[in-house]
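Peer 1: I'd like to ask you about the structure that follows.
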Amino acid sequence: MISISLASYSPASYNLINYLPTFQLGPKEIFNVSNVKPRIEQLVQSRIESLPSIYERFKANRLCISLANEIKAMLKAHGEERYRYLVFCLVMQNCKQMAGFTDRVLWDMNYDRSFYVNQTNTSYHISVNCFIVYKE
């Protein structure tokens, strides 16, 4: 494992971890969605309950960013190496209108996973789409 500091390339203060090639074509353990999805559902439920009863777009904006970061951290803490985690979060006003989401991905059906979490209250609708992709 090689650690590279990005201080000179980016204003972000984190280290990028590059794994040396192992010539491994599959993961040691396949990511199990059923272990992490209930925890993410609880997180989204607790966040939507803490929101005010009247929609505020600035709070929705901040919630969207913080929720996506928290969920990505939860997925990374789950522990499988060599997976890439993509989290799409949408926080919108509940106006009794329909919203449809679709995705099309090209991936390995044996190793890659995805799941959705949706929560709604009287003023807000939160939709989270998580992709877990094995990087070879």
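For the structure tokens, the naming scheme is as follows: chains receive sequential letters (A, B, ...) according to their order of presentation, residues are indexed from 1 within each chain, and ligands are indexed from 1 in presentation order.
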Each residue of stretch 52-74 of chain A with at least one atom at most 8 Å from stretch 22-46 of chain A should appear once, together with its nearest atom pair and the corresponding distance in Å (one decimal); atoms considered: only C-alpha atoms; ordering: chain, then increasing residue number; output as JSON lines.
Peer 2:
```
{"residue": "A:Leu67", "atom": "CA", "partner": "A:Val44", "partner_atom": "CA", "distance": 7.7}
{"residue": "A:Ile71", "atom": "CA", "partner": "A:Ile40", "partner_atom": "CA", "distance": 6.7}
{"residue": "A:Met74", "atom": "CA", "partner": "A:Val36", "partner_atom": "CA", "distance": 7.9}
```
Peer 1: Print the selection's residues with C-alpha atoms to a file, as a PDB file, in the first residue's frame.
Peer 2:
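Okay, again-v3.pdb is ready:
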```
ATOM      1  CA  LEU A  67     -26.199  12.778   4.256  1.00  0.00           C
ATOM      2  CA  ILE A  71     -23.625   7.262   3.984  1.00  0.00           C
ATOM      3  CA  MET A  74     -20.784   4.081   6.548  1.00  0.00           C
TER       4      MET A  74
END
```
Peer 1: Can you list, as a list in words, every protein, DNA or RNA residue that comes within 7 Å of A:Cys130 when you count only C-alpha atoms, leaving out same-chain residues fewer than 3 positions away?
Peer 2: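 Selected residues are Leu86, Val87, Phe88, Ser114, Phe115 and Tyr116 of chain A.
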Peer 1: Restricting the output to C-alpha atoms, write the selected residues as an mmCIF file, in the first residue's frame.
Peer 2:
```cif
data_model
loop_
_atom_site.group_PDB
_atom_site.id
_atom_site.type_symbol
_atom_site.label_atom_id
_atom_site.label_comp_id
_atom_site.auth_asym_id
_atom_site.auth_seq_id
_atom_site.Cartn_x
_atom_site.Cartn_y
_atom_site.Cartn_z
ATOM 1 C CA LEU A 86 -21.019 6.025 -5.213
ATOM 2 C CA VAL A 87 -23.813 7.724 -3.291
ATOM 3 C CA PHE A 88 -26.460 9.889 -4.941
ATOM 4 C CA SER A 114 -26.808 -1.240 -5.624
ATOM 5 C CA PHE A 115 -29.738 -0.323 -3.410
ATOM 6 C CA TYR A 116 -32.203 2.508 -2.833
#
```
Peer 1: Between A:Arg104, A:His125, A:Arg113, A:Arg57, single out the one closest to A:Cys89, counting only C-alpha atoms.
Peer 2: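 Ranking A:Arg104, A:His125, A:Arg113, A:Arg57 by distance to A:Cys89, first place goes to A:His125.
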Peer 1: At what distance in Å, to one decimal, does atom CA of A:Arg84 lie from atom CA of A:Ala99?
Peer 2: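 The value is 27.3 Å.
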Peer 1: Quick one: residues within 12 Å of A:Trp107, only C-alpha atoms, excluding same-chain residues fewer than 5 positions away - as a list in words?
Peer 2: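 My reading of the contact set: Asp112, Arg113, Ser114, Phe131, Ile132, Val133, Tyr134, Lys135 and Glu136 of chain A.
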Peer 1: Next, dump the selected residues to file, keeping only N, CA and C atoms, as an mmCIF file, in the first residue's frame.
Peer 2:
```cif
data_model
loop_
_atom_site.group_PDB
_atom_site.id
_atom_site.type_symbol
_atom_site.label_atom_id
_atom_site.label_comp_id
_atom_site.auth_asym_id
_atom_site.auth_seq_id
_atom_site.Cartn_x
_atom_site.Cartn_y
_atom_site.Cartn_z
ATOM 1 N N ASP A 112 -20.796 -6.500 -8.174
ATOM 2 C CA ASP A 112 -21.293 -5.143 -7.959
ATOM 3 C C ASP A 112 -22.718 -5.169 -7.418
ATOM 4 N N ARG A 113 -23.032 -4.173 -6.591
ATOM 5 C CA ARG A 113 -24.344 -4.109 -5.942
ATOM 6 C C ARG A 113 -24.880 -2.679 -5.976
ATOM 7 N N SER A 114 -26.188 -2.556 -5.795
ATOM 8 C CA SER A 114 -26.808 -1.240 -5.624
ATOM 9 C C SER A 114 -28.067 -1.413 -4.788
ATOM 10 N N PHE A 131 -24.364 2.833 -5.028
ATOM 11 C CA PHE A 131 -23.735 1.862 -5.915
ATOM 12 C C PHE A 131 -22.444 1.391 -5.269
ATOM 13 N N ILE A 132 -22.246 0.090 -5.226
ATOM 14 C CA ILE A 132 -21.029 -0.509 -4.695
ATOM 15 C C ILE A 132 -20.404 -1.275 -5.857
ATOM 16 N N VAL A 133 -19.274 -0.780 -6.350
ATOM 17 C CA VAL A 133 -18.658 -1.307 -7.566
ATOM 18 C C VAL A 133 -17.280 -1.848 -7.230
ATOM 19 N N TYR A 134 -17.017 -3.082 -7.631
ATOM 20 C CA TYR A 134 -15.697 -3.681 -7.404
ATOM 21 C C TYR A 134 -14.725 -3.132 -8.434
ATOM 22 N N LYS A 135 -13.599 -2.616 -7.948
ATOM 23 C CA LYS A 135 -12.584 -2.095 -8.874
ATOM 24 C C LYS A 135 -11.440 -3.092 -8.957
ATOM 25 N N GLU A 136 -11.200 -3.587 -10.136
ATOM 26 C CA GLU A 136 -10.176 -4.615 -10.347
ATOM 27 C C GLU A 136 -8.807 -4.009 -10.492
#
```
Peer 1: Run DSSP on the backbone and grab whatever in chain A lands in alpha helix (DSSP H); send it over as a ChimeraX atom specification.
Peer 2: /A:33-49,57-77
Peer 1: Once you have the residues from the selection above, write them out as a tab-separated table (two decimals), in the first residue's frame, restricted to N, CA and C atoms.
Peer 2:
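Everything below was put into out.tsv:
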```tsv
chain	number	residue	atom	x	y	z
A	33	VAL	N	-25.23	-6.31	1.05
A	33	VAL	CA	-26.09	-5.14	1.21
A	33	VAL	C	-26.99	-5.27	2.43
A	34	SER	N	-27.42	-6.48	2.75
A	34	SER	CA	-28.37	-6.67	3.85
A	34	SER	C	-27.79	-6.30	5.21
A	35	ASN	N	-26.47	-6.23	5.33
A	35	ASN	CA	-25.87	-5.81	6.60
A	35	ASN	C	-25.89	-4.30	6.80
A	36	VAL	N	-25.78	-3.54	5.73
A	36	VAL	CA	-25.62	-2.10	5.85
A	36	VAL	C	-26.90	-1.32	5.51
A	37	LYS	N	-27.79	-1.88	4.72
A	37	LYS	CA	-29.00	-1.15	4.30
A	37	LYS	C	-29.90	-0.75	5.47
A	38	PRO	N	-30.17	-1.62	6.46
A	38	PRO	CA	-31.01	-1.18	7.59
A	38	PRO	C	-30.42	-0.01	8.37
A	39	ARG	N	-29.10	0.03	8.51
A	39	ARG	CA	-28.46	1.15	9.21
A	39	ARG	C	-28.62	2.45	8.43
A	40	ILE	N	-28.54	2.37	7.11
A	40	ILE	CA	-28.71	3.57	6.29
A	40	ILE	C	-30.17	4.01	6.30
A	41	GLU	N	-31.11	3.06	6.31
A	41	GLU	CA	-32.52	3.41	6.42
A	41	GLU	C	-32.81	4.12	7.74
A	42	GLN	N	-32.20	3.65	8.84
A	42	GLN	CA	-32.37	4.32	10.13
A	42	GLN	C	-31.78	5.72	10.12
A	43	LEU	N	-30.63	5.89	9.48
A	43	LEU	CA	-30.00	7.21	9.39
A	43	LEU	C	-30.89	8.18	8.63
A	44	VAL	N	-31.41	7.76	7.49
A	44	VAL	CA	-32.27	8.64	6.69
A	44	VAL	C	-33.56	8.95	7.45
A	45	GLN	N	-34.12	7.95	8.13
A	45	GLN	CA	-35.33	8.17	8.92
A	45	GLN	C	-35.09	9.18	10.04
A	46	SER	N	-33.97	9.06	10.73
A	46	SER	CA	-33.68	10.01	11.82
A	46	SER	C	-33.45	11.42	11.29
A	47	ARG	N	-32.83	11.54	10.11
A	47	ARG	CA	-32.59	12.87	9.53
A	47	ARG	C	-33.90	13.52	9.09
A	48	ILE	N	-34.81	12.75	8.51
A	48	ILE	CA	-36.06	13.34	8.04
A	48	ILE	C	-36.96	13.72	9.21
A	49	GLU	N	-36.85	13.00	10.32
A	49	GLU	CA	-37.64	13.35	11.51
A	49	GLU	C	-37.12	14.62	12.17
A	57	ARG	N	-35.19	25.37	1.64
A	57	ARG	CA	-34.26	24.87	0.62
A	57	ARG	C	-32.82	24.87	1.07
A	58	PHE	N	-32.42	25.81	1.93
A	58	PHE	CA	-31.04	25.84	2.39
A	58	PHE	C	-30.73	24.66	3.31
A	59	LYS	N	-31.70	24.29	4.14
A	59	LYS	CA	-31.51	23.11	4.99
A	59	LYS	C	-31.49	21.84	4.15
A	60	ALA	N	-32.30	21.81	3.11
A	60	ALA	CA	-32.31	20.65	2.22
A	60	ALA	C	-30.97	20.51	1.50
A	61	ASN	N	-30.40	21.63	1.09
A	61	ASN	CA	-29.11	21.62	0.41
A	61	ASN	C	-28.01	21.08	1.32
A	62	ARG	N	-27.95	21.58	2.54
A	62	ARG	CA	-26.93	21.12	3.49
A	62	ARG	C	-27.15	19.66	3.88
A	63	LEU	N	-28.41	19.28	4.05
A	63	LEU	CA	-28.72	17.90	4.42
A	63	LEU	C	-28.29	16.93	3.31
A	64	CYS	N	-28.50	17.31	2.08
A	64	CYS	CA	-28.14	16.45	0.96
A	64	CYS	C	-26.65	16.15	0.95
A	65	ILE	N	-25.83	17.17	1.13
A	65	ILE	CA	-24.37	16.99	1.13
A	65	ILE	C	-23.92	16.17	2.34
A	66	SER	N	-24.42	16.53	3.53
A	66	SER	CA	-23.97	15.83	4.73
A	66	SER	C	-24.45	14.38	4.75
A	67	LEU	N	-25.66	14.14	4.28
A	67	LEU	CA	-26.20	12.78	4.26
A	67	LEU	C	-25.41	11.89	3.28
A	68	ALA	N	-25.09	12.41	2.12
A	68	ALA	CA	-24.30	11.63	1.16
A	68	ALA	C	-22.92	11.30	1.73
A	69	ASN	N	-22.29	12.25	2.41
A	69	ASN	CA	-20.98	12.00	3.01
A	69	ASN	C	-21.06	10.98	4.14
A	70	GLU	N	-22.09	11.07	4.97
A	70	GLU	CA	-22.25	10.12	6.08
A	70	GLU	C	-22.49	8.70	5.56
A	71	ILE	N	-23.32	8.58	4.53
A	71	ILE	CA	-23.62	7.26	3.98
A	71	ILE	C	-22.39	6.66	3.33
A	72	LYS	N	-21.63	7.48	2.62
A	72	LYS	CA	-20.40	6.99	2.00
A	72	LYS	C	-19.41	6.51	3.07
A	73	ALA	N	-19.32	7.24	4.18
A	73	ALA	CA	-18.44	6.83	5.28
A	73	ALA	C	-18.93	5.52	5.89
A	74	MET	N	-20.24	5.33	6.02
A	74	MET	CA	-20.78	4.08	6.55
A	74	MET	C	-20.46	2.91	5.62
A	75	LEU	N	-20.57	3.13	4.32
A	75	LEU	CA	-20.26	2.06	3.37
A	75	LEU	C	-18.78	1.70	3.42
A	76	LYS	N	-17.92	2.71	3.51
A	76	LYS	CA	-16.48	2.44	3.59
A	76	LYS	C	-16.13	1.72	4.89
A	77	ALA	N	-16.80	2.06	5.98
A	77	ALA	CA	-16.53	1.43	7.27
A	77	ALA	C	-17.00	-0.03	7.29
```
Peer 1: Run DSSP on the backbone and give me the residues of chain A it puts in strand (DSSP E), as a JSON list (two decimals) with C-alpha atoms, in the first residue's frame.
Peer 2:
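This went into states.json:
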```json
[["chain", "number", "residue", "atom", "x", "y", "z"],
["A", 2, "ILE", "CA", 1.35, 3.41, -0.97],
["A", 3, "SER", "CA", 0.09, 6.62, 0.63],
["A", 4, "ILE", "CA", 0.26, 9.79, -1.46],
["A", 5, "SER", "CA", -0.35, 13.23, -0.01],
["A", 15, "ASN", "CA", -4.41, 11.11, 1.80],
["A", 16, "LEU", "CA", -5.09, 9.05, -1.29],
["A", 17, "ILE", "CA", -4.43, 5.35, -0.77],
["A", 18, "ASN", "CA", -3.27, 3.37, -3.78],
["A", 83, "TYR", "CA", -14.73, -1.47, -3.75],
["A", 84, "ARG", "CA", -15.70, 1.98, -4.96],
["A", 85, "TYR", "CA", -18.76, 3.59, -3.36],
["A", 86, "LEU", "CA", -21.02, 6.03, -5.21],
["A", 87, "VAL", "CA", -23.81, 7.72, -3.29],
["A", 88, "PHE", "CA", -26.46, 9.89, -4.94],
["A", 89, "CYS", "CA", -28.71, 11.78, -2.56],
["A", 90, "LEU", "CA", -31.73, 13.88, -3.47],
["A", 91, "VAL", "CA", -33.63, 15.98, -0.94],
["A", 92, "MET", "CA", -36.70, 17.67, -2.39],
["A", 93, "GLN", "CA", -39.94, 19.26, -1.36],
["A", 113, "ARG", "CA", -24.34, -4.11, -5.94],
["A", 114, "SER", "CA", -26.81, -1.24, -5.62],
["A", 115, "PHE", "CA", -29.74, -0.32, -3.41],
["A", 116, "TYR", "CA", -32.20, 2.51, -2.83],
["A", 117, "VAL", "CA", -33.57, 4.13, 0.30],
["A", 118, "ASN", "CA", -36.59, 6.46, 0.19],
["A", 119, "GLN", "CA", -38.23, 8.36, 3.04],
["A", 120, "THR", "CA", -41.07, 10.89, 2.93],
["A", 124, "TYR", "CA", -39.63, 16.53, 2.46],
["A", 125, "HIS", "CA", -38.80, 13.55, 0.28],
["A", 126, "ILE", "CA", -35.33, 11.98, 0.56],
["A", 127, "SER", "CA", -34.09, 9.49, -2.00],
["A", 128, "VAL", "CA", -30.67, 7.84, -1.68],
["A", 129, "ASN", "CA", -29.16, 5.63, -4.37],
["A", 130, "CYS", "CA", -26.00, 3.69, -3.48],
["A", 131, "PHE", "CA", -23.74, 1.86, -5.91],
["A", 132, "ILE", "CA", -21.03, -0.51, -4.70],
["A", 133, "VAL", "CA", -18.66, -1.31, -7.57],
["A", 134, "TYR", "CA", -15.70, -3.68, -7.40]]
```
